[in-house]
Amino acid sequence: MTGLTPNEFLNRLRIQSASDLLRTTNKSMIDLAFASGFQSLSAFNKQFKRYTGQAPREYRKKSNT
C-alpha cells in the first residue's frame with residue numbers, strides 16, 4: 001500500500017520521531033536513538049543520513065537556527 005517494505009516503513013517512522021525529538025529536545029544522540037527505536041547509535045546515524053541526507057547533529061543545528 002505504501003510502496004515501502006515493512007522495514008523501510010518502520011525506519012521512516014523512527015526517523016520522523018527522531019526528527020521531532022531533535023527539534024524539540026536537548027536529549028543526547030544516544031538517548032534519541034534509543035527513544036526512536038534504534039538498537040545502536042551507529043544504526044541511527046546511518047539511517048538518519050540515508051533518509052534525510054544529513055547527519056542528526058547537522059539536522060539539529062539547522063533546526064535550531
# chains A, B, ... in the order shown; residues from 1 in each chain; ligands from 1
$ residues_around --residues "stretch 54-57 of chain A" --least-positions-apart "3" --cutoff "9 Å" --atoms "only C-alpha atoms" --output "ChimeraX atom specification"
/A:18-19,22,29,44-46,48-51,60-62
$ select_by_dssp --residues "chain A" --states "helix (DSSP H, G or I)" --output "compact mmCIF listing (two decimals) with N, CA and C atoms, in the first residue's frame"
# COMPACT_ATOMS: atom_id res chain seq x y z
N PRO A 6 8.17 -3.38 4.83
CA PRO A 6 7.87 -3.12 6.25
C PRO A 6 9.05 -2.49 6.99
N ASN A 7 10.27 -2.92 6.69
CA ASN A 7 11.44 -2.36 7.35
C ASN A 7 11.65 -0.89 6.97
N GLU A 8 11.48 -0.56 5.70
CA GLU A 8 11.62 0.83 5.26
C GLU A 8 10.56 1.71 5.91
N PHE A 9 9.33 1.21 5.98
CA PHE A 9 8.24 1.95 6.60
C PHE A 9 8.55 2.22 8.08
N LEU A 10 8.99 1.20 8.79
CA LEU A 10 9.33 1.34 10.20
C LEU A 10 10.47 2.33 10.39
N ASN A 11 11.49 2.23 9.55
CA ASN A 11 12.62 3.17 9.67
C ASN A 11 12.19 4.60 9.42
N ARG A 12 11.29 4.82 8.48
CA ARG A 12 10.79 6.18 8.23
C ARG A 12 10.03 6.71 9.44
N LEU A 13 9.23 5.88 10.06
CA LEU A 13 8.54 6.31 11.28
C LEU A 13 9.54 6.65 12.38
N ARG A 14 10.55 5.83 12.52
CA ARG A 14 11.59 6.09 13.53
C ARG A 14 12.32 7.40 13.25
N ILE A 15 12.63 7.66 11.99
CA ILE A 15 13.33 8.89 11.63
C ILE A 15 12.43 10.10 11.86
N GLN A 16 11.15 9.98 11.58
CA GLN A 16 10.21 11.07 11.86
C GLN A 16 10.18 11.38 13.35
N SER A 17 10.15 10.34 14.16
CA SER A 17 10.16 10.51 15.61
C SER A 17 11.47 11.18 16.05
N ALA A 18 12.58 10.70 15.53
CA ALA A 18 13.87 11.28 15.88
C ALA A 18 13.97 12.73 15.44
N SER A 19 13.44 13.05 14.28
CA SER A 19 13.46 14.43 13.79
C SER A 19 12.71 15.36 14.74
N ASP A 20 11.55 14.90 15.18
CA ASP A 20 10.77 15.69 16.15
C ASP A 20 11.55 15.90 17.44
N LEU A 21 12.17 14.84 17.93
CA LEU A 21 12.95 14.95 19.17
C LEU A 21 14.17 15.86 18.99
N LEU A 22 14.80 15.81 17.83
CA LEU A 22 15.96 16.67 17.58
C LEU A 22 15.55 18.15 17.60
N ARG A 23 14.37 18.43 17.09
CA ARG A 23 13.90 19.82 17.04
C ARG A 23 13.40 20.32 18.40
N THR A 24 12.87 19.44 19.21
CA THR A 24 12.16 19.89 20.41
C THR A 24 12.82 19.56 21.74
N MET A 29 22.36 12.24 21.59
CA MET A 29 22.10 11.45 20.39
C MET A 29 21.80 10.00 20.74
N ILE A 30 22.50 9.45 21.69
CA ILE A 30 22.26 8.05 22.06
C ILE A 30 20.86 7.90 22.66
N ASP A 31 20.44 8.85 23.48
CA ASP A 31 19.09 8.80 24.05
C ASP A 31 18.03 8.92 22.96
N LEU A 32 18.27 9.79 21.98
CA LEU A 32 17.35 9.94 20.86
C LEU A 32 17.26 8.65 20.06
N ALA A 33 18.41 8.04 19.82
CA ALA A 33 18.45 6.80 19.04
C ALA A 33 17.60 5.73 19.71
N PHE A 34 17.80 5.53 21.00
CA PHE A 34 17.05 4.51 21.72
C PHE A 34 15.57 4.88 21.83
N ALA A 35 15.27 6.15 22.06
CA ALA A 35 13.88 6.60 22.18
C ALA A 35 13.13 6.42 20.85
N LEU A 41 23.68 3.60 18.21
CA LEU A 41 23.89 4.94 17.70
C LEU A 41 24.34 4.91 16.25
N SER A 42 25.17 3.94 15.90
CA SER A 42 25.66 3.87 14.52
C SER A 42 24.52 3.56 13.55
N ALA A 43 23.60 2.69 13.92
CA ALA A 43 22.45 2.39 13.06
C ALA A 43 21.57 3.63 12.91
N PHE A 44 21.37 4.35 14.00
CA PHE A 44 20.60 5.58 13.96
C PHE A 44 21.23 6.60 13.03
N ASN A 45 22.52 6.85 13.19
CA ASN A 45 23.21 7.82 12.34
C ASN A 45 23.13 7.44 10.87
N LYS A 46 23.35 6.18 10.58
CA LYS A 46 23.32 5.70 9.20
C LYS A 46 21.94 5.87 8.57
N GLN A 47 20.90 5.44 9.27
CA GLN A 47 19.55 5.53 8.74
C GLN A 47 19.07 6.98 8.65
N PHE A 48 19.43 7.79 9.62
CA PHE A 48 19.01 9.19 9.60
C PHE A 48 19.60 9.88 8.38
N LYS A 49 20.88 9.67 8.15
CA LYS A 49 21.52 10.29 6.98
C LYS A 49 20.94 9.74 5.68
N ARG A 50 20.63 8.47 5.65
CA ARG A 50 20.05 7.85 4.46
C ARG A 50 18.72 8.49 4.09
N TYR A 51 17.88 8.74 5.08
CA TYR A 51 16.54 9.26 4.81
C TYR A 51 16.48 10.79 4.72
N THR A 52 17.39 11.50 5.40
CA THR A 52 17.30 12.97 5.40
C THR A 52 18.41 13.64 4.60
N PRO A 56 22.38 13.59 12.05
CA PRO A 56 21.47 14.12 13.08
C PRO A 56 21.96 15.43 13.70
N ARG A 57 23.25 15.54 13.96
CA ARG A 57 23.78 16.78 14.55
C ARG A 57 23.60 17.98 13.62
N GLU A 58 23.82 17.77 12.33
CA GLU A 58 23.60 18.83 11.34
C GLU A 58 22.13 19.23 11.33
N TYR A 59 21.25 18.24 11.36
CA TYR A 59 19.81 18.50 11.35
C TYR A 59 19.41 19.32 12.56
N ARG A 60 19.91 18.96 13.72
CA ARG A 60 19.57 19.71 14.95
C ARG A 60 20.08 21.14 14.86
N LYS A 61 21.30 21.28 14.39
CA LYS A 61 21.89 22.62 14.29
C LYS A 61 21.08 23.51 13.36
N LYS A 62 20.68 22.98 12.21
CA LYS A 62 19.89 23.76 11.25
C LYS A 62 18.49 24.03 11.76
N SER A 63 17.93 23.12 12.51
CA SER A 63 16.57 23.28 13.03
C SER A 63 16.50 24.32 14.13
